[in-house]
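Here the structure is laid out as structure tokens; the discussion comes afterwards.
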Amino acid sequence: MDAGLTPAESRELDQRLQKRQVKEFMNVFGNLVDNCFSACVDDFTSKALSGRENGCIARCVVKSMSTQTRLGERFGELNAAMTAEMQRR
Amino acid sequence: MDSESVKKAVIKQVLIESNTANARQLIEKINENCFEKCIPKPGSSVSAGEKACITNCMEKYMAAWNLVNTAYVRRIQQEVNNNSFET
């Protein structure tokens, strides 16, 4: 299937995929901060995060990451089921 | 140029690019969030109170960014440790 790719081309492809992955990750990270900030921080009378806000953000991150993991698992499960179904036909 | 220095140059370049993109995205998010939170009713100019709010907001957002960074790294390390225990 990839008989067409020279080693140089396949290196180039890997590099581009990696760059895209990094970008994707930065997106996820940025959105994570955005969400948790919106949800947890409301008081702008001081410059520093309060203890409550600190705790809230830490919990928010853990929850978001756990959610993402679970969604990934579920997606994989459903995908596998769909593939098995298609193979049966 | 030997492959080691090429690799180092590429890594440095990628880091610079990702830091720039990072900074740009961070500023964009700060703008959005802090405008929304601090300027509920836009007038013809930014009042002193709104300026103070925006300053505090920016400080808090960056602190939050650092916090998320730390928590994220810690969680990833946990996962790596867990995985290496299982294998």
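Residues in the structure tokens are numbered from 1 in each chain, the chains being A, B, ... in the order shown, and ligands are numbered from 1 in the order shown.
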Give me, as a PDB file with all heavy atoms, in the first residue's frame, the contact residues of chain B against chain A at a cut-off of 7 Å, counting only C-alpha atoms.
ATOM      1  N   LYS B  29      -7.055  33.696  24.141  1.00  0.00           N
ATOM      2  CA  LYS B  29      -8.000  33.192  25.138  1.00  0.00           C
ATOM      3  C   LYS B  29      -8.176  34.190  26.273  1.00  0.00           C
ATOM      4  O   LYS B  29      -9.284  34.378  26.780  1.00  0.00           O
ATOM      5  CB  LYS B  29      -7.498  31.857  25.710  1.00  0.00           C
ATOM      6  CG  LYS B  29      -7.387  30.757  24.697  1.00  0.00           C
ATOM      7  CD  LYS B  29      -8.608  29.888  24.683  1.00  0.00           C
ATOM      8  CE  LYS B  29      -8.461  28.786  23.649  1.00  0.00           C
ATOM      9  NZ  LYS B  29      -9.669  28.060  23.379  1.00  0.00           N
ATOM     10  N   CYS B  53      -9.771  45.159  36.727  1.00  0.00           N
ATOM     11  CA  CYS B  53     -10.355  43.825  36.586  1.00  0.00           C
ATOM     12  C   CYS B  53      -9.604  43.025  35.538  1.00  0.00           C
ATOM     13  O   CYS B  53      -9.275  41.868  35.739  1.00  0.00           O
ATOM     14  CB  CYS B  53     -11.834  43.946  36.203  1.00  0.00           C
ATOM     15  SG  CYS B  53     -12.628  42.364  35.919  1.00  0.00           S
ATOM     16  N   ASN B  56      -6.172  41.902  36.815  1.00  0.00           N
ATOM     17  CA  ASN B  56      -6.309  40.766  37.716  1.00  0.00           C
ATOM     18  C   ASN B  56      -6.696  39.505  36.957  1.00  0.00           C
ATOM     19  O   ASN B  56      -6.188  38.413  37.230  1.00  0.00           O
ATOM     20  CB  ASN B  56      -7.361  41.057  38.788  1.00  0.00           C
ATOM     21  CG  ASN B  56      -6.898  42.114  39.762  1.00  0.00           C
ATOM     22  OD1 ASN B  56      -5.707  42.322  39.933  1.00  0.00           O
ATOM     23  ND2 ASN B  56      -7.843  42.784  40.398  1.00  0.00           N
ATOM     24  N   CYS B  57      -7.601  39.683  35.995  1.00  0.00           N
ATOM     25  CA  CYS B  57      -8.057  38.547  35.210  1.00  0.00           C
ATOM     26  C   CYS B  57      -6.891  37.894  34.488  1.00  0.00           C
ATOM     27  O   CYS B  57      -6.755  36.678  34.474  1.00  0.00           O
ATOM     28  CB  CYS B  57      -9.117  39.005  34.205  1.00  0.00           C
ATOM     29  SG  CYS B  57      -9.672  37.716  33.095  1.00  0.00           S
ATOM     30  N   GLU B  59      -3.686  38.021  35.251  1.00  0.00           N
ATOM     31  CA  GLU B  59      -2.819  37.334  36.203  1.00  0.00           C
ATOM     32  C   GLU B  59      -3.425  35.992  36.585  1.00  0.00           C
ATOM     33  O   GLU B  59      -2.734  34.974  36.649  1.00  0.00           O
ATOM     34  CB  GLU B  59      -2.639  38.186  37.465  1.00  0.00           C
ATOM     35  CG  GLU B  59      -2.017  39.533  37.230  1.00  0.00           C
ATOM     36  CD  GLU B  59      -0.507  39.497  37.361  1.00  0.00           C
ATOM     37  OE1 GLU B  59       0.010  38.511  37.908  1.00  0.00           O
ATOM     38  OE2 GLU B  59       0.145  40.435  36.893  1.00  0.00           O
ATOM     39  N   LYS B  60      -4.703  35.989  36.848  1.00  0.00           N
ATOM     40  CA  LYS B  60      -5.369  34.753  37.274  1.00  0.00           C
ATOM     41  C   LYS B  60      -5.369  33.720  36.158  1.00  0.00           C
ATOM     42  O   LYS B  60      -5.179  32.527  36.398  1.00  0.00           O
ATOM     43  CB  LYS B  60      -6.798  35.042  37.728  1.00  0.00           C
ATOM     44  CG  LYS B  60      -6.863  35.658  39.090  1.00  0.00           C
ATOM     45  CD  LYS B  60      -8.231  35.496  39.732  1.00  0.00           C
ATOM     46  CE  LYS B  60      -8.116  35.821  41.216  1.00  0.00           C
ATOM     47  NZ  LYS B  60      -9.349  35.570  41.954  1.00  0.00           N
ATOM     48  N   TYR B  61      -5.573  34.186  34.926  1.00  0.00           N
ATOM     49  CA  TYR B  61      -5.606  33.234  33.817  1.00  0.00           C
ATOM     50  C   TYR B  61      -4.265  32.558  33.662  1.00  0.00           C
ATOM     51  O   TYR B  61      -4.163  31.344  33.465  1.00  0.00           O
ATOM     52  CB  TYR B  61      -5.997  33.929  32.506  1.00  0.00           C
ATOM     53  CG  TYR B  61      -6.454  32.954  31.457  1.00  0.00           C
ATOM     54  CD1 TYR B  61      -7.804  32.640  31.331  1.00  0.00           C
ATOM     55  CD2 TYR B  61      -5.553  32.335  30.606  1.00  0.00           C
ATOM     56  CE1 TYR B  61      -8.232  31.738  30.376  1.00  0.00           C
ATOM     57  CE2 TYR B  61      -5.984  31.431  29.654  1.00  0.00           C
ATOM     58  CZ  TYR B  61      -7.321  31.138  29.545  1.00  0.00           C
ATOM     59  OH  TYR B  61      -7.755  30.233  28.613  1.00  0.00           O
ATOM     60  N   ALA B  64      -3.777  30.106  36.305  1.00  0.00           N
ATOM     61  CA  ALA B  64      -4.567  28.920  35.996  1.00  0.00           C
ATOM     62  C   ALA B  64      -3.858  28.072  34.954  1.00  0.00           C
ATOM     63  O   ALA B  64      -3.803  26.847  35.059  1.00  0.00           O
ATOM     64  CB  ALA B  64      -5.951  29.321  35.489  1.00  0.00           C
ATOM     65  N   TRP B  65      -3.283  28.731  33.947  1.00  0.00           N
ATOM     66  CA  TRP B  65      -2.543  28.032  32.892  1.00  0.00           C
ATOM     67  C   TRP B  65      -1.411  27.209  33.508  1.00  0.00           C
ATOM     68  O   TRP B  65      -1.235  26.034  33.208  1.00  0.00           O
ATOM     69  CB  TRP B  65      -2.002  29.056  31.907  1.00  0.00           C
ATOM     70  CG  TRP B  65      -1.662  28.530  30.569  1.00  0.00           C
ATOM     71  CD1 TRP B  65      -2.445  28.519  29.447  1.00  0.00           C
ATOM     72  CD2 TRP B  65      -0.420  27.949  30.164  1.00  0.00           C
ATOM     73  NE1 TRP B  65      -1.775  27.968  28.393  1.00  0.00           N
ATOM     74  CE2 TRP B  65      -0.533  27.610  28.798  1.00  0.00           C
ATOM     75  CE3 TRP B  65       0.785  27.679  30.827  1.00  0.00           C
ATOM     76  CZ2 TRP B  65       0.501  27.006  28.084  1.00  0.00           C
ATOM     77  CZ3 TRP B  65       1.817  27.081  30.111  1.00  0.00           C
ATOM     78  CH2 TRP B  65       1.665  26.751  28.753  1.00  0.00           C
ATOM     79  N   VAL B  68      -2.825  24.208  35.428  1.00  0.00           N
ATOM     80  CA  VAL B  68      -3.252  23.128  34.536  1.00  0.00           C
ATOM     81  C   VAL B  68      -2.041  22.390  34.001  1.00  0.00           C
ATOM     82  O   VAL B  68      -2.023  21.150  33.938  1.00  0.00           O
ATOM     83  CB  VAL B  68      -4.105  23.676  33.377  1.00  0.00           C
ATOM     84  CG1 VAL B  68      -4.379  22.602  32.351  1.00  0.00           C
ATOM     85  CG2 VAL B  68      -5.411  24.217  33.900  1.00  0.00           C
ATOM     86  N   ALA B  71      -0.702  20.122  36.778  1.00  0.00           N
ATOM     87  CA  ALA B  71      -1.606  18.998  37.019  1.00  0.00           C
ATOM     88  C   ALA B  71      -1.542  18.008  35.867  1.00  0.00           C
ATOM     89  O   ALA B  71      -1.537  16.789  36.065  1.00  0.00           O
ATOM     90  CB  ALA B  71      -3.035  19.504  37.202  1.00  0.00           C
TER      91      ALA B  71
END
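Going from atom CA of B:Thr55 over to atom CA of B:Ala21, you cover 22.3 Å.
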Exercise. So which one's closest to B:Asn33, A:Leu71, A:Ala84, A:Val28, A:Ala39? Using only C-alpha atoms, please.
Worked result: A:Ala39
